[in-house]
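The next block is upload17.cif, given as mmCIF, C-alpha atoms.
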```
data_work
#
loop_
_atom_site.group_PDB
_atom_site.id
_atom_site.type_symbol
_atom_site.label_atom_id
_atom_site.label_comp_id
_atom_site.auth_asym_id
_atom_site.auth_seq_id
_atom_site.Cartn_x
_atom_site.Cartn_y
_atom_site.Cartn_z
ATOM 1 C CA MET R 1 43.920 -43.350 73.844
ATOM 2 C CA HIS R 2 41.702 -41.134 71.733
ATOM 3 C CA ILE R 3 39.363 -38.745 73.520
ATOM 4 C CA GLN R 4 36.311 -37.715 71.529
ATOM 5 C CA VAL R 5 35.375 -34.087 71.980
ATOM 6 C CA ILE R 6 31.828 -33.107 71.117
ATOM 7 C CA LEU R 7 31.450 -29.432 70.356
ATOM 8 C CA THR R 8 28.093 -27.810 70.989
ATOM 9 C CA VAL R 9 27.096 -25.178 68.449
ATOM 10 C CA ILE R 10 25.713 -22.021 70.043
ATOM 11 C CA TYR R 11 23.543 -19.688 67.970
ATOM 12 C CA ASN R 12 23.251 -16.030 68.952
ATOM 13 C CA TYR R 13 19.990 -14.155 68.370
ATOM 14 C CA SER R 14 18.099 -11.137 69.648
ATOM 15 C CA ALA R 15 14.420 -10.567 70.460
ATOM 16 C CA PHE R 16 12.536 -8.368 72.925
ATOM 17 C CA ASN R 17 15.802 -6.650 73.903
ATOM 18 C CA MET R 18 17.188 -10.016 75.015
ATOM 19 C CA VAL R 19 20.332 -11.676 73.699
ATOM 20 C CA ILE R 20 19.493 -15.333 73.169
ATOM 21 C CA GLN R 21 22.277 -17.919 73.155
ATOM 22 C CA SER R 22 20.635 -21.102 71.923
ATOM 23 C CA GLU R 23 21.666 -24.691 71.215
ATOM 24 C CA LEU R 24 18.513 -24.977 69.099
ATOM 25 C CA SER R 25 18.720 -23.068 65.831
ATOM 26 C CA LEU R 26 15.998 -20.437 65.426
ATOM 27 C CA PRO R 27 16.629 -19.331 61.848
ATOM 28 C CA TRP R 28 13.965 -16.613 61.622
ATOM 29 C CA LEU R 29 15.301 -14.646 64.610
ATOM 30 C CA PRO R 30 17.627 -11.666 64.039
ATOM 31 C CA VAL R 31 21.279 -12.639 64.488
ATOM 32 C CA PHE R 32 23.202 -10.943 67.300
ATOM 33 C CA ASP R 33 26.984 -10.675 66.969
ATOM 34 C CA SER R 34 28.068 -8.365 69.825
ATOM 35 C CA ALA R 35 28.841 -8.818 73.508
ATOM 36 C CA ALA R 36 25.803 -9.218 75.785
ATOM 37 C CA ASP R 37 25.388 -7.790 79.250
ATOM 38 C CA LYS R 38 24.323 -10.135 82.034
ATOM 39 C CA ASP R 39 20.808 -8.737 82.470
ATOM 40 C CA SER R 40 19.848 -9.170 78.819
ATOM 41 C CA LEU R 41 21.285 -12.681 78.371
ATOM 42 C CA VAL R 42 18.978 -15.700 77.922
ATOM 43 C CA THR R 43 20.176 -19.260 77.330
ATOM 44 C CA ILE R 44 18.304 -22.047 75.569
ATOM 45 C CA SER R 45 19.888 -25.469 75.970
ATOM 46 C CA PHE R 46 19.164 -29.168 75.776
ATOM 47 C CA GLY R 47 19.208 -31.042 79.085
ATOM 48 C CA THR R 48 17.315 -33.263 81.477
ATOM 49 C CA VAL R 49 13.985 -32.046 82.809
ATOM 50 C CA SER R 50 12.256 -34.071 85.512
ATOM 51 C CA GLU R 51 9.297 -36.166 84.415
ATOM 52 C CA SER R 52 7.522 -35.469 87.705
ATOM 53 C CA GLY R 53 7.822 -31.674 87.664
ATOM 54 C CA ILE R 54 9.290 -29.144 90.104
ATOM 55 C CA SER R 55 9.432 -28.964 93.892
ATOM 56 C CA ASP R 56 6.610 -27.286 95.813
ATOM 57 C CA PRO R 57 4.659 -25.819 92.883
ATOM 58 C CA VAL R 58 2.202 -23.075 93.782
ATOM 59 C CA GLN R 59 0.206 -23.522 90.568
ATOM 60 C CA THR R 60 -0.503 -26.729 88.667
ATOM 61 C CA GLY R 61 -2.394 -27.722 85.556
ATOM 62 C CA LEU R 62 -2.768 -30.660 83.214
ATOM 63 C CA TYR R 63 0.634 -30.097 81.571
ATOM 64 C CA PHE R 64 2.390 -27.546 83.772
ATOM 65 C CA GLN R 65 3.644 -26.680 87.248
ATOM 66 C CA ALA R 66 4.816 -23.252 88.368
ATOM 67 C CA THR R 67 6.455 -21.247 91.100
ATOM 68 C CA LYS R 68 7.303 -17.544 90.908
ATOM 69 C CA GLN R 69 10.682 -18.248 89.259
ATOM 70 C CA ALA R 70 10.279 -21.683 87.685
ATOM 71 C CA PHE R 71 7.855 -23.100 85.149
ATOM 72 C CA TRP R 72 7.703 -26.777 84.145
ATOM 73 C CA LEU R 73 5.886 -27.599 80.925
ATOM 74 C CA SER R 74 5.292 -31.077 79.512
ATOM 75 C CA ILE R 75 3.948 -31.388 75.950
ATOM 76 C CA PRO R 76 3.061 -35.017 75.077
ATOM 77 C CA SER R 77 5.105 -36.457 72.199
ATOM 78 C CA ILE R 78 7.152 -33.234 71.940
ATOM 79 C CA ALA R 79 9.306 -32.363 74.969
ATOM 80 C CA ARG R 80 9.502 -31.260 78.552
ATOM 81 C CA PHE R 81 10.594 -27.660 79.135
ATOM 82 C CA LEU R 82 11.889 -25.861 82.211
ATOM 83 C CA ILE R 83 11.861 -22.048 82.202
ATOM 84 C CA THR R 84 13.593 -20.374 85.169
ATOM 85 C CA HIS R 85 14.376 -16.880 86.495
ATOM 86 C CA GLY R 86 13.528 -15.183 83.215
ATOM 87 C CA ASN R 87 16.858 -16.158 81.693
ATOM 88 C CA LYS R 88 16.984 -19.885 81.009
ATOM 89 C CA ILE R 89 15.030 -22.436 78.967
ATOM 90 C CA ILE R 90 15.975 -26.116 79.148
ATOM 91 C CA ILE R 91 14.567 -28.488 76.503
ATOM 92 C CA ASP R 92 14.268 -32.235 77.133
ATOM 93 C CA PRO R 93 13.007 -33.623 73.783
ATOM 94 C CA ILE R 94 10.994 -36.791 73.383
ATOM 95 C CA LYS R 95 12.836 -39.329 71.231
ATOM 96 C CA ASP R 96 12.680 -38.675 67.464
ATOM 97 C CA VAL R 97 10.767 -35.403 67.772
ATOM 98 C CA ASP R 98 11.453 -32.952 64.930
ATOM 99 C CA GLU R 99 13.201 -29.648 65.651
ATOM 100 C CA ASP R 100 10.433 -27.576 64.045
ATOM 101 C CA SER R 101 8.007 -28.757 66.729
ATOM 102 C CA LEU R 102 10.525 -27.801 69.423
ATOM 103 C CA ARG R 103 10.942 -24.346 67.874
ATOM 104 C CA ALA R 104 7.177 -23.803 67.798
ATOM 105 C CA PHE R 105 6.810 -24.336 71.543
ATOM 106 C CA VAL R 106 10.021 -22.513 72.469
ATOM 107 C CA LEU R 107 9.057 -19.290 70.680
ATOM 108 C CA GLU R 108 5.405 -19.301 71.690
ATOM 109 C CA SER R 109 4.756 -20.726 75.144
ATOM 110 C CA CYS R 110 8.310 -20.733 76.518
ATOM 111 C CA VAL R 111 9.300 -17.202 75.474
ATOM 112 C CA GLY R 112 5.944 -15.849 76.674
ATOM 113 C CA ILE R 113 6.491 -17.463 80.080
ATOM 114 C CA LEU R 114 10.063 -16.193 80.221
ATOM 115 C CA LEU R 115 8.965 -12.607 79.496
ATOM 116 C CA LEU R 116 6.361 -12.834 82.263
ATOM 117 C CA GLN R 117 9.073 -14.045 84.638
ATOM 118 C CA ARG R 118 11.020 -10.900 83.690
ATOM 119 C CA ASN R 119 7.962 -8.833 84.709
ATOM 120 C CA MET R 120 7.502 -7.432 81.231
ATOM 121 C CA PHE R 121 4.314 -5.521 80.393
ATOM 122 C CA LEU R 122 2.806 -7.622 77.606
ATOM 123 C CA LEU R 123 -0.221 -7.066 75.387
ATOM 124 C CA ASN R 124 -1.884 -9.302 72.802
ATOM 125 C CA GLY R 125 -0.937 -7.303 69.757
ATOM 126 C CA GLY R 126 1.271 -6.488 66.808
ATOM 127 C CA VAL R 127 3.156 -3.312 65.942
ATOM 128 C CA ILE R 128 4.272 -1.698 62.694
ATOM 129 C CA GLN R 129 6.440 1.378 62.207
ATOM 130 C CA ARG R 130 5.144 4.568 60.610
ATOM 131 C CA ARG R 131 7.109 7.830 60.501
ATOM 132 C CA ASN R 132 9.524 6.619 63.216
ATOM 133 C CA SER R 133 6.666 5.826 65.607
ATOM 134 C CA GLY R 134 4.859 2.620 66.471
ATOM 135 C CA ILE R 135 1.260 1.876 65.542
ATOM 136 C CA ALA R 136 -0.082 -1.040 67.583
ATOM 137 C CA PHE R 137 -3.047 -3.291 66.862
ATOM 138 C CA LEU R 138 -4.577 -5.158 69.804
ATOM 139 C CA SER R 139 -6.761 -8.202 69.379
ATOM 140 C CA ALA R 140 -7.680 -11.492 71.003
ATOM 141 C CA PRO R 141 -6.141 -14.647 69.418
ATOM 142 C CA GLY R 142 -7.994 -15.879 66.351
ATOM 143 C CA THR R 143 -9.541 -12.552 65.358
ATOM 144 C CA GLY R 144 -7.422 -11.716 62.316
ATOM 145 C CA LEU R 145 -4.506 -9.836 63.896
ATOM 146 C CA SER R 146 -1.773 -11.781 62.103
ATOM 147 C CA THR R 147 -3.626 -11.471 58.791
ATOM 148 C CA LEU R 148 -3.717 -7.702 59.181
ATOM 149 C CA MET R 149 -0.059 -7.526 60.238
ATOM 150 C CA ALA R 150 0.981 -9.609 57.212
ATOM 151 C CA ALA R 151 -1.061 -7.406 54.868
ATOM 152 C CA LEU R 152 0.655 -4.294 56.270
ATOM 153 C CA LEU R 153 4.019 -6.011 55.848
ATOM 154 C CA LYS R 154 3.118 -6.797 52.233
ATOM 155 C CA ARG R 155 2.150 -3.135 51.751
ATOM 156 C CA GLY R 156 5.741 -2.233 52.670
ATOM 157 C CA TYR R 157 5.596 -1.187 56.323
ATOM 158 C CA SER R 158 8.369 -2.108 58.742
ATOM 159 C CA PHE R 159 7.315 -4.562 61.403
ATOM 160 C CA LEU R 160 8.265 -4.980 65.073
ATOM 161 C CA THR R 161 6.214 -7.788 66.520
ATOM 162 C CA ASP R 162 3.148 -9.982 66.145
ATOM 163 C CA LYS R 163 1.081 -11.584 68.962
ATOM 164 C CA ILE R 164 3.345 -10.524 71.838
ATOM 165 C CA CYS R 165 3.669 -6.755 72.253
ATOM 166 C CA ALA R 166 6.262 -6.055 74.976
ATOM 167 C CA ILE R 167 6.382 -2.447 76.188
ATOM 168 C CA ASP R 168 8.991 -0.907 78.475
ATOM 169 C CA LYS R 169 8.358 1.701 81.183
ATOM 170 C CA SER R 170 8.942 4.568 78.751
ATOM 171 C CA GLY R 171 6.199 3.409 76.381
ATOM 172 C CA TYR R 172 8.614 1.943 73.837
ATOM 173 C CA VAL R 173 7.697 -1.328 72.175
ATOM 174 C CA LEU R 174 10.481 -3.912 71.940
ATOM 175 C CA PRO R 175 11.244 -5.659 68.630
ATOM 176 C CA GLY R 176 10.045 -9.251 68.605
ATOM 177 C CA THR R 177 10.812 -12.389 66.644
ATOM 178 C CA GLY R 178 10.665 -10.993 63.104
ATOM 179 C CA CYS R 179 8.000 -13.315 61.734
ATOM 180 C CA ILE R 180 4.230 -13.639 61.377
ATOM 181 C CA GLU R 181 2.309 -16.919 61.519
ATOM 182 C CA LEU R 182 -0.399 -17.522 58.916
ATOM 183 C CA TRP R 183 -2.531 -20.322 57.595
ATOM 184 C CA ARG R 184 -1.332 -21.284 54.136
ATOM 185 C CA HIS R 185 -4.493 -20.114 52.324
ATOM 186 C CA VAL R 186 -4.212 -16.701 54.004
ATOM 187 C CA ALA R 187 -0.538 -16.355 53.022
ATOM 188 C CA ASN R 188 -1.449 -17.249 49.438
ATOM 189 C CA ALA R 189 -4.335 -14.755 49.373
ATOM 190 C CA ILE R 190 -2.085 -11.932 50.569
ATOM 191 C CA GLY R 191 0.421 -12.784 47.846
ATOM 192 C CA PHE R 192 3.448 -14.229 49.639
ATOM 193 C CA LYS R 193 5.531 -16.515 47.451
ATOM 194 C CA PRO R 194 6.245 -20.066 48.709
ATOM 195 C CA GLU R 195 9.970 -19.348 49.071
ATOM 196 C CA ALA R 196 9.154 -16.588 51.580
ATOM 197 C CA LEU R 197 7.388 -19.049 53.903
ATOM 198 C CA MET R 198 8.599 -21.549 56.525
ATOM 199 C CA GLN R 199 6.261 -24.285 57.740
ATOM 200 C CA ILE R 200 5.814 -24.123 61.512
ATOM 201 C CA ARG R 201 5.509 -27.856 62.191
ATOM 202 C CA PRO R 202 5.053 -31.009 60.113
ATOM 203 C CA ALA R 203 1.394 -31.805 59.447
ATOM 204 C CA ILE R 204 0.359 -28.279 60.517
ATOM 205 C CA ASN R 205 -0.707 -26.158 57.542
ATOM 206 C CA LYS R 206 0.465 -22.963 59.177
ATOM 207 C CA TRP R 207 3.497 -21.010 57.990
ATOM 208 C CA ARG R 208 5.878 -18.276 59.097
ATOM 209 C CA VAL R 209 6.251 -15.178 56.970
ATOM 210 C CA LEU R 210 9.693 -13.689 57.579
ATOM 211 C CA ALA R 211 9.904 -9.898 57.844
ATOM 212 C CA GLY R 212 13.561 -9.900 56.734
ATOM 213 C CA THR R 213 14.840 -6.394 56.043
ATOM 214 C CA GLN R 214 11.419 -5.005 57.013
ATOM 215 C CA HIS R 215 11.942 -6.092 60.608
ATOM 216 C CA CYS R 216 12.571 -3.036 62.791
ATOM 217 C CA ASN R 217 15.200 -4.098 65.342
ATOM 218 C CA GLU R 218 15.204 -1.000 67.577
ATOM 219 C CA PRO R 219 12.615 -0.067 70.247
ATOM 220 C CA ILE R 220 10.255 2.708 69.165
ATOM 221 C CA ALA R 221 7.618 4.752 70.988
ATOM 222 C CA ILE R 222 3.968 3.845 70.475
ATOM 223 C CA LYS R 223 1.970 6.767 69.139
ATOM 224 C CA ALA R 224 -1.424 5.124 68.597
ATOM 225 C CA ILE R 225 -3.235 1.873 69.351
ATOM 226 C CA TYR R 226 -6.046 0.394 67.281
ATOM 227 C CA VAL R 227 -8.323 -2.092 69.059
ATOM 228 C CA LEU R 228 -9.667 -4.627 66.556
ATOM 229 C CA ASN R 229 -13.300 -5.737 66.655
ATOM 230 C CA PHE R 230 -15.608 -7.192 64.055
ATOM 231 C CA HIS R 231 -19.344 -7.081 63.454
ATOM 232 C CA PRO R 232 -21.132 -9.119 60.749
ATOM 233 C CA GLN R 233 -23.363 -6.229 59.648
ATOM 234 C CA GLN R 234 -21.222 -3.145 60.147
ATOM 235 C CA ALA R 235 -18.950 -1.469 57.627
ATOM 236 C CA ILE R 236 -15.436 -0.340 58.515
ATOM 237 C CA GLN R 237 -15.653 2.160 61.340
ATOM 238 C CA PHE R 238 -13.113 4.098 63.422
ATOM 239 C CA VAL R 239 -14.190 5.407 66.842
ATOM 240 C CA GLN R 240 -12.015 7.494 69.167
ATOM 241 C CA VAL R 241 -11.585 5.934 72.636
ATOM 242 C CA ASN R 242 -11.752 8.166 75.715
ATOM 243 C CA ASP R 243 -9.269 8.002 78.599
ATOM 244 C CA ALA R 244 -11.350 5.756 80.879
ATOM 245 C CA GLN R 245 -12.039 3.308 78.043
ATOM 246 C CA LYS R 246 -8.341 3.203 77.139
ATOM 247 C CA ILE R 247 -7.437 1.659 80.496
ATOM 248 C CA ASN R 248 -10.260 -0.857 80.218
ATOM 249 C CA TYR R 249 -9.184 -1.920 76.716
ATOM 250 C CA LEU R 250 -5.546 -2.254 77.799
ATOM 251 C CA GLN R 251 -6.451 -4.426 80.792
ATOM 252 C CA HIS R 252 -8.558 -6.695 78.590
ATOM 253 C CA SER R 253 -5.690 -6.917 76.073
ATOM 254 C CA LEU R 254 -3.079 -8.112 78.562
ATOM 255 C CA TYR R 255 -1.106 -10.986 77.103
ATOM 256 C CA LYS R 256 -2.596 -14.180 78.473
ATOM 257 C CA LEU R 257 -1.144 -17.563 77.762
ATOM 258 C CA ARG R 258 -4.417 -19.328 77.065
ATOM 259 C CA HIS R 259 -3.478 -22.476 78.947
ATOM 260 C CA PHE R 260 -1.653 -20.735 81.825
ATOM 261 C CA PRO R 261 -3.797 -17.748 82.922
ATOM 262 C CA GLN R 262 -2.627 -18.134 86.525
ATOM 263 C CA LEU R 263 0.724 -16.607 85.564
ATOM 264 C CA ILE R 264 -0.700 -13.087 85.465
ATOM 265 C CA GLN R 265 -3.284 -13.259 88.236
ATOM 266 C CA GLU R 266 -0.880 -12.037 90.928
ATOM 267 C CA LYS R 267 0.612 -9.241 88.797
ATOM 268 C CA ASN R 268 -0.663 -5.671 88.975
ATOM 269 C CA TYR R 269 -0.490 -4.054 85.552
ATOM 270 C CA LEU R 270 -2.828 -1.154 86.325
ATOM 271 C CA PRO R 271 -0.003 1.425 86.739
ATOM 272 C CA GLN R 272 1.451 0.474 83.336
ATOM 273 C CA CYS R 273 -2.013 0.633 81.740
ATOM 274 C CA ILE R 274 -2.603 4.106 83.172
ATOM 275 C CA SER R 275 0.826 5.355 82.106
ATOM 276 C CA LEU R 276 0.495 4.029 78.550
ATOM 277 C CA SER R 277 -3.050 5.392 78.197
ATOM 278 C CA GLN R 278 -1.699 8.895 78.864
ATOM 279 C CA GLN R 279 0.908 8.601 76.105
ATOM 280 C CA ILE R 280 -1.127 7.283 73.186
ATOM 281 C CA GLU R 281 -4.175 7.879 71.047
ATOM 282 C CA MET R 282 -6.547 4.902 70.917
ATOM 283 C CA ILE R 283 -9.057 4.044 68.193
ATOM 284 C CA CYS R 284 -11.588 1.210 68.090
ATOM 285 C CA LEU R 285 -11.551 -0.325 64.587
ATOM 286 C CA THR R 286 -14.609 -2.373 63.650
ATOM 287 C CA ARG R 287 -14.865 -4.318 60.411
ATOM 288 C CA GLN R 288 -17.306 -6.880 59.001
ATOM 289 C CA ALA R 289 -15.214 -10.049 59.256
ATOM 290 C CA VAL R 290 -11.943 -11.451 60.513
ATOM 291 C CA GLU R 291 -10.630 -11.749 56.963
ATOM 292 C CA TYR R 292 -12.193 -8.588 55.570
ATOM 293 C CA PRO R 293 -11.194 -7.691 51.958
ATOM 294 C CA LEU R 294 -7.680 -6.635 52.864
ATOM 295 C CA ASP R 295 -6.947 -3.956 50.298
ATOM 296 C CA GLN R 296 -10.070 -2.053 51.300
ATOM 297 C CA LEU R 297 -9.240 -2.437 54.995
ATOM 298 C CA ILE R 298 -5.620 -1.273 54.611
ATOM 299 C CA ASN R 299 -6.715 1.685 52.455
ATOM 300 C CA SER R 300 -9.180 2.711 55.165
ATOM 301 C CA ILE R 301 -6.536 2.421 57.897
ATOM 302 C CA GLU R 302 -4.067 4.510 55.898
ATOM 303 C CA GLN R 303 -6.713 7.176 55.326
ATOM 304 C CA ASP R 304 -7.438 7.235 59.061
ATOM 305 C CA TRP R 305 -3.707 7.773 59.731
ATOM 306 C CA ILE R 306 -3.757 10.766 57.392
ATOM 307 C CA THR R 307 -6.874 12.187 59.027
ATOM 308 C CA ARG R 308 -5.380 11.859 62.513
ATOM 309 C CA GLU R 309 -1.919 13.010 61.354
ATOM 310 C CA LEU R 310 -0.275 9.820 62.628
#
```
Rewrite the coordinates I just gave you, this time as structure tokens.
Amino acid sequence: MHIQVILTVIYNYSAFNMVIQSELSLPWLPVFDSAADKDSLVTISFGTVSESGISDPVQTGLYFQATKQAFWLSIPSIARFLITHGNKIIIDPIKDVDEDSLRAFVLESCVGILLLQRNMFLLNGGVIQRRNSGIAFLSAPGTGLSTLMAALLKRGYSFLTDKICAIDKSGYVLPGTGCIELWRHVANAIGFKPEALMQIRPAINKWRVLAGTQHCNEPIAIKAIYVLNFHPQQAIQFVQVNDAQKINYLQHSLYKLRHFPQLIQEKNYLPQCISLSQQIEMICLTRQAVEYPLDQLINSIEQDWITREL
């Protein structure tokens, strides 16, 4: 009698100070090759996820159900996902779905939910490194944040995270996934070569720009935060934000999963907002358009850093 043994390949990655052991390859994440402690370990595996959801949900929506420690997500034609206790993601794919589509939902919705389950303080923003400190840019989705982050990456700055800015209690930002998502025409305009891009999903003309050796993989302290705004008739302008306004801007920049806002309604982030506001300088940056002429914008930002001695 011959017994067939099927070996499951496990990939080891790191992001947001978590060690991720995954059955799904995530090739743009930094590889982790050391021993992981129990608190930092997250597993991503394929398995069966109930079609009907979870028991006794306290929050429900069109495609999700949630309790404090479990989140069930069903994406038509893609997969069902179960995220639990801040340390486990189970993927139940729909037949013949492509792995790129699975990756897209795992590293956006699922990881965001998992970080919220871990009670992380999250902001909608990206962070680059300058002089061993972090410079963060906060912005609502769709307002040009990723374009700016990619332009700074192209200018040569090291990069920590885009979209999800996770900050620990000491005011240190945690390194994220090591990639930036751009529409193809934006990536071309910035000057990224095709071989530096990975398409996010079939039939979606959006691409990942990999930070590679420019990805900073150690937590660093945030020194300044720029809040991005745009006005159709106003030139580039930098305005210092006072202490009271800092807290207001931070609260309005809390990371919100657009389809699952209930996840943060019961959380009190005011103490973290107050603490961070006392540690950083904050500047409101207004420009004329989401995709403002990038060279001029980056030159202006760099000059502002010099003026403020950042």
Tell me, as a PDB file with C-alpha atoms, in the frame of the given file, which residues lie within 9 Å of Ile20 of chain R, counting all atoms listed in the file; anything in the same chain fewer than 5 positions away does not count.
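Written out: part_7.pdb:
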```
ATOM      1  CA  TYR R  11      23.543 -19.688  67.970  1.00  0.00           C
ATOM      2  CA  ASN R  12      23.251 -16.030  68.952  1.00  0.00           C
ATOM      3  CA  TYR R  13      19.990 -14.155  68.370  1.00  0.00           C
ATOM      4  CA  SER R  14      18.099 -11.137  69.648  1.00  0.00           C
ATOM      5  CA  ALA R  15      14.420 -10.567  70.460  1.00  0.00           C
ATOM      6  CA  PHE R  32      23.202 -10.943  67.300  1.00  0.00           C
ATOM      7  CA  SER R  40      19.848  -9.170  78.819  1.00  0.00           C
ATOM      8  CA  LEU R  41      21.285 -12.681  78.371  1.00  0.00           C
ATOM      9  CA  VAL R  42      18.978 -15.700  77.922  1.00  0.00           C
ATOM     10  CA  THR R  43      20.176 -19.260  77.330  1.00  0.00           C
ATOM     11  CA  ILE R  44      18.304 -22.047  75.569  1.00  0.00           C
ATOM     12  CA  ASN R  87      16.858 -16.158  81.693  1.00  0.00           C
TER      13      ASN R  87
END
```
Ground truth for the PyMOL selection byres ((chain R and resi 213) around 10), written as a PyMOL selection string: chain R and resi 30+158-159+178+210-212+214-217
For Pro202 of chain R, the nearest of the candidates R:Asp304, R:Asp295, R:Asp98, R:Asp168, counting all atoms listed in the file: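 Once distances to Pro202 of chain R are computed over all atoms listed in the file, the minimum belongs to R:Asp98.
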Surrounding residues of Ile180 of chain R excluding itself and chain neighbours under 4 positions, 9 Å, all atoms listed in the file, as JSON, numbers by chain: {"R": [146, 147, 149, 150, 161, 162, 163, 207, 208, 209, 210, 211]}
Contacts of Leu115 of chain R at 9 Å (all atoms listed in the file; same-chain gap of 6+ positions) as a list in words: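 The residues satisfying every condition are Phe16, Gly86, Asn87, Phe121, Leu122 and Ala166 of chain R.
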List the residues selected by the PyMOL selection byres ((chain R and resi 127-131) around 6) in the file shown, writing them as a PDB file with C-alpha atoms, keeping the file's coordinate frame.
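Final output, selection10.pdb:
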```pdb
ATOM      1  CA  GLY R 126       1.271  -6.488  66.808  1.00  0.00           C
ATOM      2  CA  ASN R 132       9.524   6.619  63.216  1.00  0.00           C
ATOM      3  CA  SER R 133       6.666   5.826  65.607  1.00  0.00           C
ATOM      4  CA  GLY R 134       4.859   2.620  66.471  1.00  0.00           C
ATOM      5  CA  ILE R 135       1.260   1.876  65.542  1.00  0.00           C
ATOM      6  CA  ALA R 136      -0.082  -1.040  67.583  1.00  0.00           C
ATOM      7  CA  SER R 158       8.369  -2.108  58.742  1.00  0.00           C
ATOM      8  CA  PHE R 159       7.315  -4.562  61.403  1.00  0.00           C
ATOM      9  CA  LEU R 160       8.265  -4.980  65.073  1.00  0.00           C
ATOM     10  CA  THR R 161       6.214  -7.788  66.520  1.00  0.00           C
TER      11      THR R 161
END
```
Polymer residues at most 6 Å from segment 59-74 of chain R, only C-alpha atoms, same-chain spacing of 6 or more positions, as a list in words: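 Listed by chain and then number, they are Arg80, Phe81, Leu82, Ile83, Thr84 and His85 of chain R.
With distances taken over all atoms listed in the file, R:Cys273 is the one residue among R:Met120, R:Cys273, R:Ala221, R:Leu24 lying closest to Gln245 of chain R.
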The PyMOL selection byres ((chain R and resi 255) around 10) applied to the shown file, residues as a PyMOL selection string: chain R and resi 112+116+121-125+138-141+163-166+250-254+256-258+261+264
Length of the atom CA of Gly53 of chain R to atom CA of Lys95 of chain R vector [Å]: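 Separation of atom CA of Gly53 of chain R and atom CA of Lys95 of chain R: 18.8 Å.
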Between atom CA of Arg184 of chain R and atom CA of Gln199 of chain R - distance in Å to one decimal: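 One can read the atom CA of Gln199 of chain R to atom CA of Arg184 of chain R distance as 8.9 Å.
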Computed interatomic separation between atom CA of Glu218 of chain R and atom CA of Ile91 of chain R (Å): 28.9 Å
Within 12 Å of Ile204 of chain R using all atoms listed in the file, minus same-chain residues under 5 positions, as a PyMOL selection string: chain R and resi 100-101+104+181-184+198-199
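Each of R:Asp92, R:Glu281, R:Ala235, R:Asn242 was checked against Trp305 of chain R using all atoms listed in the file; the smallest atom-to-atom distance is that of R:Glu281.
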